[in-house]
file start-v8.txt (compact mmCIF, C-alpha atoms)
# COMPACT_ATOMS: atom_id res chain seq x y z
CA MET A 1 -1.94 175.57 10.69
CA THR A 2 -5.08 177.45 11.56
CA GLU A 3 -4.60 180.90 10.08
CA LYS A 4 -4.81 181.45 6.34
CA VAL A 5 -1.48 182.22 4.72
CA THR A 6 -1.59 184.94 2.07
CA ALA A 7 2.14 185.32 1.42
CA GLY A 8 1.80 184.19 -2.19
CA HIS A 9 -0.98 186.64 -2.91
CA ASP A 10 0.75 189.43 -1.03
CA ALA A 11 4.11 188.98 -2.77
CA LEU A 12 3.18 187.65 -6.20
CA GLY A 13 -0.56 187.98 -6.64
CA GLU A 14 -0.40 190.46 -9.50
CA PHE A 15 2.75 189.12 -11.17
CA ALA A 16 2.09 185.37 -10.88
CA PRO A 17 -1.51 184.89 -9.74
CA LYS A 18 -1.66 181.12 -10.37
CA PHE A 19 1.55 180.49 -8.42
CA ALA A 20 0.22 182.68 -5.59
CA GLU A 21 -3.02 180.70 -5.57
CA LEU A 22 -1.18 177.36 -5.47
CA ASN A 23 1.09 178.60 -2.70
CA ASP A 24 -1.69 179.90 -0.49
CA ASP A 25 -4.54 177.50 -1.22
CA VAL A 26 -2.82 174.21 -2.03
CA LEU A 27 0.51 174.24 -0.19
CA PHE A 28 -0.54 176.17 2.90
CA GLY A 29 -4.26 175.42 2.68
CA GLN A 30 -4.49 171.75 1.74
CA VAL A 31 -1.06 170.25 2.43
CA TRP A 32 -0.17 171.97 5.71
CA SER A 33 -3.67 171.30 7.08
CA ARG A 34 -3.20 167.50 6.91
CA GLU A 35 -2.25 167.25 10.57
CA ALA A 36 -3.78 163.79 10.99
CA GLU A 37 -1.08 162.50 8.64
CA LEU A 38 1.82 164.64 9.91
CA SER A 39 1.77 167.21 12.70
CA ALA A 40 2.48 170.87 12.03
CA ARG A 41 5.59 170.52 14.22
CA ASP A 42 6.90 167.65 12.08
CA ARG A 43 6.03 169.51 8.87
CA SER A 44 8.02 172.48 10.15
CA LEU A 45 10.98 170.26 11.05
CA THR A 46 10.88 168.72 7.58
CA THR A 47 10.49 172.08 5.86
CA ILE A 48 13.35 173.85 7.61
CA THR A 49 15.55 170.81 6.97
CA ALA A 50 14.73 170.96 3.25
CA LEU A 51 15.29 174.71 3.06
CA ILE A 52 18.67 174.48 4.79
CA SER A 53 19.69 171.50 2.67
CA THR A 54 18.93 173.29 -0.58
CA GLY A 55 20.28 176.66 0.56
CA ALA A 56 16.88 178.36 0.25
CA PHE A 57 17.65 180.90 2.96
CA GLU A 58 15.24 183.56 1.69
CA GLN A 59 12.30 181.43 2.84
CA LEU A 60 14.00 180.19 6.02
CA PRO A 61 13.10 183.07 8.40
CA PHE A 62 9.36 182.64 7.76
CA HIS A 63 9.51 178.88 8.15
CA MET A 64 11.80 178.98 11.17
CA ALA A 65 9.36 181.36 12.88
CA LYS A 66 6.54 178.98 11.94
CA ALA A 67 8.59 176.10 13.39
CA LYS A 68 8.92 178.07 16.63
CA ASP A 69 5.15 178.68 16.65
CA ASN A 70 4.65 174.95 15.99
CA GLY A 71 6.66 173.97 19.07
CA LEU A 72 10.24 173.49 17.95
CA THR A 73 12.67 174.87 20.51
CA ALA A 74 15.90 176.77 19.93
CA ASP A 75 17.83 173.77 21.26
CA GLU A 76 16.10 171.42 18.82
CA VAL A 77 16.74 173.74 15.88
CA ALA A 78 20.40 174.06 16.88
CA GLU A 79 20.65 170.27 16.96
CA ILE A 80 18.99 169.96 13.54
CA ILE A 81 21.42 172.46 12.06
CA THR A 82 24.42 170.77 13.70
CA GLN A 83 23.33 167.40 12.28
CA LEU A 84 22.80 168.89 8.82
CA ALA A 85 26.21 170.59 8.80
CA PHE A 86 27.91 167.27 8.18
CA TYR A 87 25.55 166.29 5.36
CA VAL A 88 24.79 169.54 3.52
CA GLY A 89 27.78 171.72 4.29
CA TRP A 90 29.34 173.89 6.94
CA PRO A 91 28.55 177.23 5.21
CA LYS A 92 24.85 176.35 5.01
CA ALA A 93 24.91 175.54 8.73
CA TRP A 94 26.49 178.92 9.54
CA SER A 95 23.82 180.69 7.48
CA ALA A 96 21.05 178.69 9.14
CA PHE A 97 22.42 179.45 12.62
CA ASN A 98 22.33 183.17 11.82
CA VAL A 99 18.65 182.90 10.89
CA ALA A 100 17.89 180.78 13.98
CA LYS A 101 19.56 183.32 16.28
CA GLU A 102 17.36 186.08 14.86
CA VAL A 103 14.15 184.05 15.05
CA PHE A 104 14.77 182.74 18.54
CA GLY A 105 15.83 186.13 19.86
CA GLU A 106 19.53 185.60 20.36
CA LYS A 107 20.91 188.32 18.05
call {"tool": "encode", "arguments": {"input": "start-v8.txt", "output": "structure tokens"}}
result
Amino acid sequence: MTEKVTAGHDALGEFAPKFAELNDDVLFGQVWSREAELSARDRSLTTITALISTGAFEQLPFHMAKAKDNGLTADEVAEIITQLAFYVGWPKAWSAFNVAKEVFGEK
């Protein structure tokens, strides 16, 4: 992840400045930059899996777009969602597919 993420500051900087700082500087600055330990592609795969599993669909569009930027294909994302459907629930899979279709341009 080469570009600095400022989503925390942009969305919550005035309301929750410490959370915004941790989001931007620690999570996206320090953790996501550890590509020697885990590639950005694998971090994206892990992140979208966690978001789908927990039903955190508000954050899913950003992270699915980041996964696309990090090299995950539409076919791979569809396979991830299909696999997860049996473990985390069919409705979550449907919701995730709707996000994936938007991100990968198949509206």
call {"tool": "residues_near_point", "arguments": {"input": "start-v8.txt", "point": "(4.3, 182.0, -2.1)", "cutoff": "9 Å", "atoms": "all atoms listed in the file", "output": "mmCIF file with C-alpha atoms, in the frame of the given file"}}
result
data_model
loop_
_atom_site.group_PDB
_atom_site.id
_atom_site.type_symbol
_atom_site.label_atom_id
_atom_site.label_comp_id
_atom_site.auth_asym_id
_atom_site.auth_seq_id
_atom_site.Cartn_x
_atom_site.Cartn_y
_atom_site.Cartn_z
ATOM 1 C CA VAL A 5 -1.480 182.220 4.720
ATOM 2 C CA THR A 6 -1.590 184.940 2.070
ATOM 3 C CA ALA A 7 2.140 185.320 1.420
ATOM 4 C CA GLY A 8 1.800 184.190 -2.190
ATOM 5 C CA HIS A 9 -0.980 186.640 -2.910
ATOM 6 C CA ASP A 10 0.750 189.430 -1.030
ATOM 7 C CA ALA A 11 4.110 188.980 -2.770
ATOM 8 C CA LEU A 12 3.180 187.650 -6.200
ATOM 9 C CA GLY A 13 -0.560 187.980 -6.640
ATOM 10 C CA PHE A 19 1.550 180.490 -8.420
ATOM 11 C CA ALA A 20 0.220 182.680 -5.590
ATOM 12 C CA GLU A 21 -3.020 180.700 -5.570
ATOM 13 C CA LEU A 22 -1.180 177.360 -5.470
ATOM 14 C CA ASN A 23 1.090 178.600 -2.700
ATOM 15 C CA ASP A 24 -1.690 179.900 -0.490
ATOM 16 C CA LEU A 27 0.510 174.240 -0.190
#
call {"tool": "residues_around", "arguments": {"input": "start-v8.txt", "residues": "segment 86-90 of chain A", "least_positions_apart": "6", "cutoff": "9 Å", "atoms": "all atoms listed in the file", "output": "PDB file with C-alpha atoms, keeping the file's coordinate frame"}}
result
ATOM      1  CA  ILE A  52      18.670 174.480   4.790  1.00  0.00           C
ATOM      2  CA  SER A  53      19.690 171.500   2.670  1.00  0.00           C
ATOM      3  CA  THR A  54      18.930 173.290  -0.580  1.00  0.00           C
ATOM      4  CA  GLY A  55      20.280 176.660   0.560  1.00  0.00           C
TER       5      GLY A  55
END
call {"tool": "residues_around", "arguments": {"input": "start-v8.txt", "residues": "segment 82-85 of chain A", "least_positions_apart": "4", "cutoff": "10 Å", "atoms": "all atoms listed in the file", "output": "PyMOL selection string"}}
result
chain A and resi 49+52-53+76-78+89-94+96-97
call {"tool": "closest_atom_pairs", "arguments": {"input": "start-v8.txt", "of": "segment 6-51 of chain A", "to": "segment 62-70 of chain A", "cutoff": "9 Å", "atoms": "all atoms listed in the file", "output": "Markdown table"}}
result
| residue | atom | partner | partner_atom | distance |
| --- | --- | --- | --- | --- |
| A:Ser39 | CA | A:Asn70 | CA | 8.9 |
| A:Ala40 | CA | A:Asn70 | CA | 6.1 |
| A:Arg41 | CA | A:Asn70 | CA | 4.9 |
| A:Asp42 | CA | A:Asn70 | CA | 8.6 |
| A:Arg43 | CA | A:Ala67 | CA | 8.4 |
| A:Ser44 | CA | A:Ala67 | CA | 4.9 |
| A:Leu45 | CA | A:Ala67 | CA | 6.7 |
| A:Thr47 | CA | A:His63 | CA | 7.2 |
| A:Ile48 | CA | A:His63 | CA | 6.4 |
| A:Leu51 | CA | A:His63 | CA | 8.8 |
call {"tool": "write_last_selection", "arguments": {"input": "start-v8.txt", "atoms": "C-alpha atoms", "output": "short mmCIF file (atom, residue, chain, number, x, y, z; two decimals), in the coordinates of the input"}}
result
data_model
loop_
_atom_site.label_atom_id
_atom_site.label_comp_id
_atom_site.auth_asym_id
_atom_site.auth_seq_id
_atom_site.Cartn_x
_atom_site.Cartn_y
_atom_site.Cartn_z
CA SER A 39 1.77 167.21 12.70
CA ALA A 40 2.48 170.87 12.03
CA ARG A 41 5.59 170.52 14.22
CA ASP A 42 6.90 167.65 12.08
CA ARG A 43 6.03 169.51 8.87
CA SER A 44 8.02 172.48 10.15
CA LEU A 45 10.98 170.26 11.05
CA THR A 47 10.49 172.08 5.86
CA ILE A 48 13.35 173.85 7.61
CA LEU A 51 15.29 174.71 3.06
#
call {"tool": "atom_distance", "arguments": {"input": "start-v8.txt", "atom1": "atom CA of Lys18 of chain A", "atom2": "atom CA of Gln30 of chain A"}}
result
15.6 Å
call {"tool": "closest_residue", "arguments": {"input": "start-v8.txt", "among": "A:Ala100, A:Ala50, A:Ala56, A:Leu38", "to": "Thr73 of chain A", "atoms": "all atoms listed in the file"}}
result
A:Ala100
call {"tool": "closest_residue", "arguments": {"input": "start-v8.txt", "among": "A:Glu58, A:Glu35, A:Thr46, A:Glu3", "to": "Val99 of chain A", "atoms": "all atoms listed in the file"}}
result
A:Glu58
